[in-house]
>>> print(open('entry-v4.txt').read())   # compact mmCIF, C-alpha atoms and all ligand atoms
# COMPACT_ATOMS: atom_id res chain seq x y z
CA MET Y 194 0.00 0.00 0.00
CA ILE Y 195 1.22 3.48 -0.92
CA PHE Y 196 1.23 5.94 1.92
CA MET Y 197 -0.28 9.31 0.80
CA PHE Y 198 -0.05 12.60 2.62
CA CYS Y 199 -0.72 16.23 1.70
CA VAL Y 200 2.53 18.03 0.95
CA GLU Y 201 0.98 21.24 2.21
CA CYS Y 202 -0.74 20.33 5.45
CA GLY Y 203 0.51 16.83 6.03
CA SER Y 204 -2.90 15.29 6.58
CA THR Y 205 -3.26 11.66 5.59
CA ASP Y 206 -6.97 11.01 5.92
CA LYS Y 207 -8.36 13.21 3.16
CA LYS Y 208 -9.19 12.79 -0.49
CA MET Y 209 -6.14 13.71 -2.53
CA VAL Y 210 -5.87 15.87 -5.65
CA GLY Y 211 -2.42 15.12 -7.02
CA ASP Y 212 -0.05 15.55 -4.08
CA ILE Y 213 -2.26 17.84 -1.99
CA CYS Y 214 -5.48 17.18 -0.14
CA ILE Y 215 -8.85 18.39 -1.35
CA ASP Y 216 -9.09 21.12 1.32
CA CYS Y 217 -5.72 22.60 0.38
CA PHE Y 218 -6.64 22.31 -3.29
CA LEU Y 219 -9.94 24.14 -2.89
CA LYS Y 220 -8.38 26.91 -0.76
CA ASP Y 221 -7.02 28.61 -3.88
CA PHE Y 222 -9.39 27.16 -6.42
CA GLN Y 223 -11.74 29.35 -8.42
CA MET Y 224 -14.54 27.83 -10.43
CA ILE Y 225 -14.67 30.73 -12.85
CA GLU Y 226 -12.46 33.52 -14.04
CA ILE Y 227 -13.93 36.81 -15.17
CA PRO Y 228 -12.10 40.09 -15.82
CA GLU Y 229 -12.81 42.91 -13.39
CA ASN Y 230 -13.46 45.32 -16.22
CA ILE Y 231 -15.15 44.32 -19.45
CA LYS Y 232 -15.52 46.63 -22.43
CA VAL Y 233 -18.14 46.30 -25.15
CA GLU Y 234 -18.16 48.48 -28.20
CA ILE Y 235 -21.67 49.04 -29.53
CA CYS Y 236 -23.15 51.09 -32.33
CA SER Y 237 -25.12 54.00 -30.94
CA HIS Y 238 -27.61 53.73 -33.81
CA CYS Y 239 -28.41 50.06 -34.17
CA ASN Y 240 -26.88 48.68 -30.93
CA SER Y 241 -24.92 46.09 -32.87
CA ARG Y 242 -21.68 45.22 -31.11
CA ILE Y 243 -18.22 44.41 -32.27
CA GLU Y 244 -16.99 40.97 -31.39
CA GLU Y 245 -13.81 39.47 -32.72
CA GLY Y 246 -13.67 42.19 -35.33
CA LYS Y 247 -17.21 41.59 -36.61
CA TRP Y 248 -20.37 43.56 -35.97
CA THR Y 249 -23.20 41.34 -34.85
CA ASP Y 250 -26.63 41.23 -33.26
CA SER Y 251 -28.17 44.60 -33.91
CA PHE Y 252 -31.09 45.99 -31.97
CA LEU Y 253 -30.49 44.10 -28.74
CA PRO Y 254 -31.58 45.97 -25.62
CA GLU Y 255 -28.76 47.29 -23.45
CA ASP Y 256 -29.43 44.83 -20.59
CA GLU Y 257 -29.09 41.96 -22.97
CA ILE Y 258 -25.81 43.34 -24.33
CA ILE Y 259 -24.44 43.46 -20.77
CA TYR Y 260 -25.56 39.92 -19.95
CA ARG Y 261 -24.04 38.59 -23.12
CA ALA Y 262 -20.78 40.43 -22.44
CA LEU Y 263 -20.62 38.76 -19.02
CA GLU Y 264 -21.37 35.33 -20.46
CA ARG Y 265 -18.73 35.74 -23.11
CA ASN Y 266 -16.07 36.72 -20.60
CA ILE Y 267 -16.63 33.91 -18.11
CA LYS Y 268 -14.05 31.13 -18.22
CA ILE Y 269 -15.20 28.13 -16.27
CA SER Y 270 -12.84 25.42 -15.03
CA ASN Y 271 -13.57 22.04 -16.52
CA LEU Y 272 -13.44 20.50 -13.06
CA VAL Y 273 -16.78 22.15 -12.27
CA GLU Y 274 -19.92 20.07 -12.55
CA ASN Y 275 -23.62 20.86 -12.23
CA GLU Y 276 -22.92 24.57 -12.27
CA ILE Y 277 -25.54 27.27 -12.04
CA ILE Y 278 -24.35 30.75 -12.99
CA ASN Y 279 -26.42 33.69 -11.92
CA LEU Y 280 -25.76 37.07 -13.57
CA GLU Y 281 -27.02 40.28 -12.08
CA ILE Y 282 -26.75 43.92 -13.03
CA ASP Y 283 -26.34 45.72 -9.75
CA GLN Y 284 -26.57 49.24 -11.09
CA ILE Y 285 -25.81 51.21 -14.22
CA LYS Y 286 -23.91 54.47 -13.75
CA GLY Y 287 -23.54 56.31 -17.01
CA THR Y 288 -21.83 53.92 -19.38
CA ILE Y 289 -20.66 51.52 -16.68
CA ALA Y 290 -22.75 48.64 -15.38
CA ASN Y 291 -21.66 47.17 -12.04
CA CYS Y 292 -22.41 43.48 -12.14
CA TYR Y 293 -22.40 40.53 -9.89
CA VAL Y 294 -21.78 36.92 -10.90
CA GLU Y 295 -22.63 34.04 -8.60
CA VAL Y 296 -21.63 30.46 -9.34
CA VAL Y 297 -22.82 27.35 -7.55
CA GLY Y 298 -21.24 24.08 -8.60
CA GLU Y 299 -19.48 20.89 -7.57
CA VAL Y 300 -15.77 20.13 -7.70
CA TYR Y 301 -14.60 16.60 -6.77
CA GLY Y 302 -17.98 16.10 -5.14
CA VAL Y 303 -17.70 19.20 -2.96
CA GLN Y 304 -20.45 21.82 -3.25
CA LEU Y 305 -18.99 25.31 -3.81
CA ASP Y 306 -20.42 28.79 -4.05
CA GLU Y 307 -18.49 31.78 -5.27
CA THR Y 308 -19.21 35.37 -6.21
CA HIS Y 309 -17.41 37.88 -8.42
CA ASP Y 310 -17.84 41.59 -8.92
CA THR Y 311 -17.21 42.97 -12.37
CA SER Y 312 -18.10 45.96 -14.45
CA VAL Y 313 -19.17 46.20 -18.06
CA ARG Y 314 -18.33 49.42 -19.81
CA ILE Y 315 -20.39 50.22 -22.89
CA MET Y 316 -18.51 52.25 -25.45
CA LYS Y 317 -20.66 53.84 -28.13
CA THR Y 318 -19.38 54.22 -31.65
CA VAL Y 319 -20.93 53.94 -35.11
CA CYS Y 320 -20.80 50.65 -36.99
CA PRO Y 321 -19.79 50.56 -40.67
CA THR Y 322 -23.39 49.94 -41.80
CA CYS Y 323 -24.77 52.90 -39.90
CA SER Y 324 -21.95 55.14 -41.03
CA LYS Y 325 -22.71 54.16 -44.64
CA LEU Y 326 -26.37 54.91 -44.02
CA GLN Y 327 -25.54 58.27 -42.46
CA ALA Y 328 -23.35 59.15 -45.40
CA GLY Y 329 -26.25 58.31 -47.74
CA TYR Y 330 -24.36 55.39 -49.28
CA TYR Y 331 -26.28 53.38 -51.89
CA GLU Y 332 -25.47 50.72 -54.47
CA SER Y 333 -28.64 50.81 -56.54
CA VAL Y 334 -31.48 53.07 -57.61
CA VAL Y 335 -34.89 51.58 -58.35
CA GLN Y 336 -36.79 53.73 -60.82
CA PHE Y 337 -40.54 53.28 -60.64
CA ARG Y 338 -42.07 54.29 -63.98
CA ALA Y 339 -45.22 53.69 -66.02
CA ASN Y 340 -45.34 53.07 -69.74
CA ASN Y 341 -46.77 56.10 -71.66
CA ARG Y 342 -48.75 57.48 -68.76
CA ASP Y 343 -48.50 59.23 -65.40
CA ILE Y 344 -48.39 57.19 -62.23
CA LYS Y 345 -51.42 57.70 -59.98
CA ALA Y 346 -51.21 58.85 -56.37
CA GLU Y 347 -52.58 55.53 -55.13
CA GLU Y 348 -49.97 53.66 -57.18
CA TYR Y 349 -47.22 55.73 -55.51
CA ASP Y 350 -48.72 54.94 -52.09
CA LYS Y 351 -48.82 51.27 -52.93
CA ALA Y 352 -45.24 51.36 -54.27
CA ASP Y 353 -43.98 53.08 -51.09
CA GLU Y 354 -45.65 50.35 -49.07
CA VAL Y 355 -44.15 47.56 -51.21
CA VAL Y 356 -40.64 49.09 -50.94
CA LYS Y 357 -40.95 49.45 -47.17
CA ARG Y 358 -42.26 45.92 -46.71
CA THR Y 359 -39.54 44.41 -48.92
CA LEU Y 360 -36.70 46.27 -47.16
CA ASN Y 361 -38.09 45.25 -43.81
CA LYS Y 362 -37.99 41.62 -44.85
CA GLN Y 363 -34.54 41.99 -46.42
CA SER Y 364 -33.08 43.68 -43.34
CA LYS Y 365 -33.04 40.30 -41.59
CA SER Y 366 -30.28 39.14 -43.91
CA ASP Y 367 -28.93 42.36 -45.43
CA LYS Y 368 -27.61 45.21 -43.32
CA LEU Y 369 -27.73 47.54 -46.31
CA ALA Y 370 -31.46 46.97 -46.86
CA TYR Y 371 -32.38 50.60 -46.38
CA CYS Y 372 -33.62 53.49 -48.48
CA PRO Y 373 -31.73 56.68 -47.60
CA GLN Y 374 -33.53 58.78 -50.19
CA ILE Y 375 -36.56 58.86 -52.49
CA ALA Y 376 -36.32 61.26 -55.40
CA LYS Y 377 -39.82 62.28 -56.51
CA LEU Y 378 -39.59 63.14 -60.18
CA LYS Y 379 -42.34 64.03 -62.60
CA GLU Y 380 -41.90 60.75 -64.46
CA GLY Y 381 -41.78 58.62 -61.31
CA TYR Y 382 -40.03 57.90 -58.03
CA ASP Y 383 -36.37 56.90 -57.66
CA TYR Y 384 -35.77 54.74 -54.62
CA TYR Y 385 -32.12 54.78 -53.50
CA ILE Y 386 -31.30 51.40 -51.99
CA GLY Y 387 -28.27 50.59 -49.82
CA SER Y 388 -27.35 47.31 -51.50
CA LEU Y 389 -27.75 45.98 -55.02
CA LYS Y 390 -29.17 42.72 -53.69
CA SER Y 391 -32.00 44.50 -51.89
CA GLY Y 392 -32.49 46.89 -54.81
CA ARG Y 393 -33.17 43.90 -57.05
CA LYS Y 394 -35.58 42.46 -54.49
CA VAL Y 395 -37.44 45.78 -54.36
CA ALA Y 396 -37.79 45.84 -58.16
CA GLU Y 397 -39.03 42.22 -58.14
CA SER Y 398 -41.63 43.01 -55.48
CA LEU Y 399 -42.87 46.02 -57.46
CA LYS Y 400 -43.14 43.83 -60.52
CA GLU Y 401 -45.09 41.28 -58.52
CA GLU Y 402 -47.52 43.99 -57.47
CA PHE Y 403 -47.92 45.94 -60.71
CA GLY Y 404 -46.57 43.74 -63.49
CA GLY Y 405 -44.12 45.36 -65.87
CA ILE Y 406 -40.64 45.09 -67.28
CA ILE Y 407 -37.39 45.34 -65.32
CA LYS Y 408 -34.19 46.65 -66.90
CA GLU Y 409 -30.81 47.16 -65.30
CA SER Y 410 -28.19 49.66 -66.35
CA PRO Y 411 -24.88 49.87 -64.53
CA ARG Y 412 -23.03 53.15 -64.33
CA LEU Y 413 -19.36 53.38 -63.56
CA ILE Y 414 -18.96 55.74 -60.63
CA SER Y 415 -15.27 55.39 -59.89
CA GLU Y 416 -12.27 53.29 -60.65
CA ASP Y 417 -9.77 51.78 -58.26
CA LYS Y 418 -6.48 53.03 -59.73
CA SER Y 419 -4.38 50.25 -58.22
CA THR Y 420 -6.51 47.34 -59.47
CA GLY Y 421 -8.18 48.98 -62.44
CA LYS Y 422 -11.45 47.56 -61.17
CA GLY Y 423 -14.53 49.70 -61.66
CA LEU Y 424 -17.01 50.55 -58.97
CA TYR Y 425 -20.53 50.41 -60.37
CA ARG Y 426 -23.84 51.62 -59.20
CA ILE Y 427 -26.84 49.93 -60.77
CA TRP Y 428 -29.97 51.69 -61.96
CA ILE Y 429 -32.92 49.29 -62.07
CA SER Y 430 -36.00 50.52 -63.87
CA ILE Y 431 -39.37 48.89 -63.38
CA ARG Y 432 -41.80 50.06 -66.02
CA ILE Y 433 -45.37 49.18 -65.18
CA PRO Y 434 -47.89 48.67 -68.02
CA GLU Y 435 -49.80 51.54 -69.55
CA PHE Y 436 -53.07 49.59 -69.17
CA GLU Y 437 -54.68 48.95 -65.82
CA ILE Y 438 -57.36 46.62 -64.52
CA ASN Y 439 -60.69 47.12 -66.39
CA ASP Y 440 -58.99 48.89 -69.32
CA PHE Y 441 -59.50 47.59 -72.87
CA ILE Y 442 -56.55 46.19 -74.77
CA LYS Y 443 -55.88 44.57 -78.11
CA HIS Y 444 -53.76 41.42 -78.36
CA GLU Y 445 -53.51 39.13 -81.39
CA GLY Y 446 -56.62 40.67 -82.92
CA LYS Y 447 -58.76 40.18 -79.82
CA ILE Y 448 -60.27 42.97 -77.76
CA LEU Y 449 -59.94 42.15 -74.09
CA GLN Y 450 -60.99 43.84 -70.90
CA VAL Y 451 -58.15 43.49 -68.36
CA LYS Y 452 -59.21 41.63 -65.23
CA ASP Y 453 -55.89 40.95 -63.52
CA ILE Y 454 -52.21 41.86 -63.82
CA ASP Y 455 -49.41 40.22 -61.91
CA LYS Y 456 -45.69 39.64 -62.26
CA ASN Y 457 -46.03 37.14 -65.10
CA ARG Y 458 -49.31 37.59 -66.87
CA VAL Y 459 -52.28 39.67 -67.87
CA VAL Y 460 -55.72 38.11 -67.66
CA GLY Y 461 -58.37 39.52 -69.95
CA ILE Y 462 -61.95 38.75 -70.97
CA ASP Y 463 -62.74 38.86 -74.67
CA ILE Y 464 -65.54 41.44 -74.93
CA THR Y 465 -67.16 39.70 -77.89
CA ASP Y 466 -67.53 36.22 -76.37
CA HIS Y 467 -66.56 36.74 -72.71
CA LYS Y 468 -63.88 34.06 -72.88
CA ARG Y 469 -60.84 34.33 -70.61
CA HIS Y 470 -57.39 34.83 -72.09
CA THR Y 471 -54.02 34.85 -70.37
CA ILE Y 472 -51.14 36.77 -71.94
CA PRO Y 473 -47.59 36.31 -70.65
CA LEU Y 474 -46.25 39.68 -69.53
CA LYS Y 475 -43.15 39.26 -71.65
CA GLU Y 476 -45.45 39.72 -74.64
CA SER Y 477 -46.75 42.97 -73.17
CA GLU Y 478 -45.04 44.90 -75.94
CA ASP Y 479 -47.58 43.32 -78.33
CA ILE Y 480 -50.45 44.71 -76.30
CA THR Y 481 -52.12 47.93 -77.42
CA LEU Y 482 -54.21 50.00 -75.09
CA LEU Y 483 -57.56 50.75 -76.79
CA LYS Y 484 -59.67 52.46 -74.14
CA LYS Y 485 -59.32 53.35 -70.49
CA ALA Y 486 -61.92 52.02 -68.04
CA ASP Y 487 -63.16 55.55 -67.36
CA GLU Y 488 -64.48 55.71 -70.90
CA ILE Y 489 -67.14 53.10 -70.14
CA GLU Y 490 -70.61 54.64 -70.59
CA THR Y 491 -73.99 53.73 -69.22
CA THR Y 492 -77.17 53.54 -71.29
CA THR Y 493 -80.60 51.88 -71.35
CA ILE Y 494 -82.06 48.84 -73.13
CA ILE Y 495 -84.95 50.00 -75.29
CA SER Y 496 -85.99 46.71 -76.84
CA LYS Y 497 -84.84 43.14 -77.14
CA SER Y 498 -85.49 39.97 -79.11
CA PRO Y 499 -83.90 36.51 -78.84
CA SER Y 500 -81.24 37.55 -81.34
CA ASN Y 501 -80.92 41.30 -80.78
CA ILE Y 502 -80.70 43.87 -78.09
CA GLN Y 503 -81.41 47.51 -78.83
CA ILE Y 504 -79.85 50.31 -76.82
CA LEU Y 505 -79.61 54.10 -76.96
CA ASP Y 506 -76.31 55.55 -78.09
CA PRO Y 507 -75.61 58.05 -75.29
CA ALA Y 508 -73.86 60.36 -77.75
CA ASP Y 509 -76.89 61.14 -79.93
CA TYR Y 510 -79.75 59.04 -78.46
CA SER Y 511 -80.06 57.05 -81.64
CA ALA Y 512 -81.17 53.42 -81.37
CA VAL Y 513 -78.42 50.88 -81.95
CA ASP Y 514 -78.97 47.16 -82.59
CA LEU Y 515 -76.45 44.78 -81.13
CA ASP Y 516 -76.22 40.98 -81.27
CA MET Y 517 -77.77 39.32 -78.25
CA MET Y 518 -75.30 37.64 -75.92
CA ASP Y 519 -76.08 34.89 -73.40
CA GLU Y 520 -75.12 37.20 -70.54
CA PHE Y 521 -77.93 39.63 -71.44
CA LYS Y 522 -80.74 37.15 -72.13
CA ASP Y 523 -82.34 37.79 -68.73
CA SER Y 524 -82.16 41.59 -68.90
CA ASN Y 525 -85.30 43.70 -69.26
CA ILE Y 526 -86.29 46.70 -71.30
CA GLY Y 527 -85.43 49.81 -69.29
CA ASP Y 528 -82.41 48.15 -67.57
CA GLU Y 529 -79.20 50.13 -67.45
CA VAL Y 530 -76.25 48.55 -69.23
CA LYS Y 531 -72.61 49.46 -69.62
CA ILE Y 532 -71.05 49.95 -73.03
CA ILE Y 533 -67.68 50.81 -74.48
CA LYS Y 534 -67.11 52.32 -77.90
CA ILE Y 535 -64.08 51.00 -79.71
CA ASN Y 536 -63.36 51.89 -83.36
CA ASN Y 537 -66.93 53.17 -83.91
CA TYR Y 538 -68.41 49.97 -82.64
CA ILE Y 539 -70.43 49.64 -79.43
CA TYR Y 540 -69.74 46.66 -77.14
CA LEU Y 541 -71.92 45.61 -74.23
CA ILE Y 542 -69.94 45.14 -71.06
CA LYS Y 543 -70.92 42.61 -68.48
ZN ZN J 1 -3.75 19.59 2.79
ZN ZN J 2 -25.06 50.46 -36.47
>>> encode(input="entry-v4.txt", output="structure tokens", more="lines below")
Ligand SMILES: [Zn+2]
Ligand SMILES: [Zn+2]
Amino acid sequence: MIFMFCVECGSTDKKMVGDICIDCFLKDFQMIEIPENIKVEICSHCNSRIEEGKWTDSFLPEDEIIYRALERNIKISNLVENEIINLEIDQIKGTIANCYVEVVGEVYGVQLDETHDTSVRIMKTVCPTCSKLQAGYYESVVQFRANNRDIKAEEYDKADEVVKRTLNKQSKSDKLAYCPQIAKLKEGYDYYIGSLKSGRKVAESLKEEFGGIIKESPRLISEDKSTGKGLYRIWISIRIPEFEINDFIKHEGKILQVKDIDKNRVVGIDITDHKRHTIPLKESEDITLLKKADEIETTTIISKSPSNIQILDPADYSAVDLDMMDEFKDSNIGDEVKIIKINNYIYLIK
């Protein structure tokens, strides 16, 4: 049998840790190490903090930043088991938070409890993203335009909403998803967008809402003399169609009333037979606008037969005979009906 004794206190009847007894070992043992003063650099605009040279976690509340700084700075001995670490902010004076860390744990089967005082100093600066934003930095400009017509106030409202919603969504993955400026021009709005990626997303979302054609044109804004590499800013135009819902268009010889427009297609109803047609938006250059919806007129049925329906031309109150259509079979003399005049011909509108 090997005879063991503590080299420090000489006792022979205690559990040994190496060549000293457990009591002597624990006398100088600390379960955790934490610096007395901790510094955290945070952005005064977005609260993101710098950690190992990278800016992370924006928009955390200050308390949370302090707790995380404490957690990050605690080094716990791997001899500790079943530990419970309690973090407390004692008080915040100016930029310094006085904190208190309590640890309960077990080391070699012995229950220990230890407390540490520390302070977290919050240093406010501006992160690169916020400084870019403040400087009005942008990589792309989304130009919202309409083909051959003015954009309506409600379309601008809708577009503003779409841009805001898209940037909000993008901001989860793109720090430059912001719009530092909107230029309101006669021909349309220019949305300045922090990043190209988010600029493209904004244009896509506008297309989804209004339909239309997207075109990109890069402009060289400066050149890095050492590498010869150009720095580009991208202008993205989204041109929404001239026609709107309920307008009358011509496509492949058919006259259609527009019922829906989305990012890929136009849905129209043929006004002669009321059949539905779907036109891919990429063919929208083959679409001609015939009449706007506000040119629809109202008139009265003056007589009808199984094959004909007679109405008054609102322009001169002359009687006009039109072919009966299934949709009007149940109408009565004296009923009001809607009509549209296209190329000197009167069409009944359902
Ligand atoms: Zn001892
Ligand atoms: Zn920031």
>>> atom_distance(input="entry-v4.txt", atom1="CA of Ser430 (chain Y)", atom2="CA of Pro411 (chain Y)")
11.2 Å
>>> residues_near_ligand(input="entry-v4.txt", ligand="ligand ZN 1 (chain J)", cutoff="8 Å", atoms="only C-alpha atoms and all ligand atoms", output="compact mmCIF listing (two decimals) with C-alpha atoms, in the coordinates of the input")
# COMPACT_ATOMS: atom_id res chain seq x y z
CA PHE Y 198 -0.05 12.60 2.62
CA CYS Y 199 -0.72 16.23 1.70
CA VAL Y 200 2.53 18.03 0.95
CA GLU Y 201 0.98 21.24 2.21
CA CYS Y 202 -0.74 20.33 5.45
CA GLY Y 203 0.51 16.83 6.03
CA SER Y 204 -2.90 15.29 6.58
CA LYS Y 207 -8.36 13.21 3.16
CA ILE Y 213 -2.26 17.84 -1.99
CA CYS Y 214 -5.48 17.18 -0.14
CA ILE Y 215 -8.85 18.39 -1.35
CA ASP Y 216 -9.09 21.12 1.32
CA CYS Y 217 -5.72 22.60 0.38
CA PHE Y 218 -6.64 22.31 -3.29
>>> residues_around(input="entry-v4.txt", residues="region 263-279 of chain Y", least_positions_apart="4", cutoff="6 Å", atoms="all atoms listed in the file", output="list in words")
Met224, Ile225, Glu226, Ile227, Val294, Glu295, Val296, Val297, Gly298, Glu299 and Val300 of chain Y
>>> residues_near_ligand(input="entry-v4.txt", ligand="ligand ZN 2 (chain J)", cutoff="12 Å", atoms="only C-alpha atoms and all ligand atoms", output="JSON, numbers by chain")
{"Y": [234, 235, 236, 237, 238, 239, 240, 241, 242, 243, 247, 248, 249, 250, 251, 252, 253, 317, 318, 319, 320, 321, 322, 323, 324, 325, 326, 327, 368, 369]}
>>> atom_distance(input="entry-v4.txt", atom1="CA of Pro373 (chain Y)", atom2="CA of Asn361 (chain Y)")
13.6 Å
>>> closest_residue(input="entry-v4.txt", among="Y:Asn457, Y:Ser524, Y:Thr491, Y:Ser496", to="Ala508 (chain Y)", atoms="all atoms listed in the file")
Y:Thr491
>>> closest_residue(input="entry-v4.txt", among="Y:Asp367, Y:Glu409, Y:Asp509, Y:Glu437", to="Ile344 (chain Y)", atoms="only C-alpha atoms")
Y:Glu437
>>> closest_residue(input="entry-v4.txt", among="Y:Leu482, Y:Cys372, Y:Ser366, Y:Arg338", to="Ile429 (chain Y)", atoms="only C-alpha atoms")
Y:Arg338
>>> residues_around(input="entry-v4.txt", residues="Ile442 (chain Y)", least_positions_apart="6", cutoff="8 Å", atoms="only C-alpha atoms", output="MDAnalysis selection string")
chainID Y and resid 436 448:451 480:484
>>> atom_distance(input="entry-v4.txt", atom1="CA of Ile414 (chain Y)", atom2="CA of Ser388 (chain Y)")
15.0 Å
>>> closest_residue(input="entry-v4.txt", among="Y:Ser419, Y:Ile386, Y:Ile406, Y:Lys452", to="Glu478 (chain Y)", atoms="only C-alpha atoms")
Y:Ile406
>>> residues_around(input="entry-v4.txt", residues="Ile472 (chain Y)", least_positions_apart="2", cutoff="7 Å", atoms="only C-alpha atoms", output="number ranges by chain")
Y: 458-460, 470, 474, 476
>>> closest_residue(input="entry-v4.txt", among="Y:Ile489, Y:Ile502, Y:Ala370, Y:Ala352", to="Asn525 (chain Y)", atoms="all atoms listed in the file")
Y:Ile502
>>> residues_around(input="entry-v4.txt", residues="Lys447 (chain Y)", least_positions_apart="2", cutoff="9 Å", atoms="only C-alpha atoms", output="ChimeraX atom specification")
/Y:442-445,449,463-465
>>> closest_residue(input="entry-v4.txt", among="Y:Ser498, Y:Tyr330, Y:Tyr510, Y:Arg358", to="Lys394 (chain Y)", atoms="all atoms listed in the file")
Y:Arg358
>>> residues_around(input="entry-v4.txt", residues="Asp523 (chain Y)", least_positions_apart="2", cutoff="12 Å", atoms="only C-alpha atoms", output="PyMOL selection string")
chain Y and resi 494+497-499+502+517-521+525-526+528
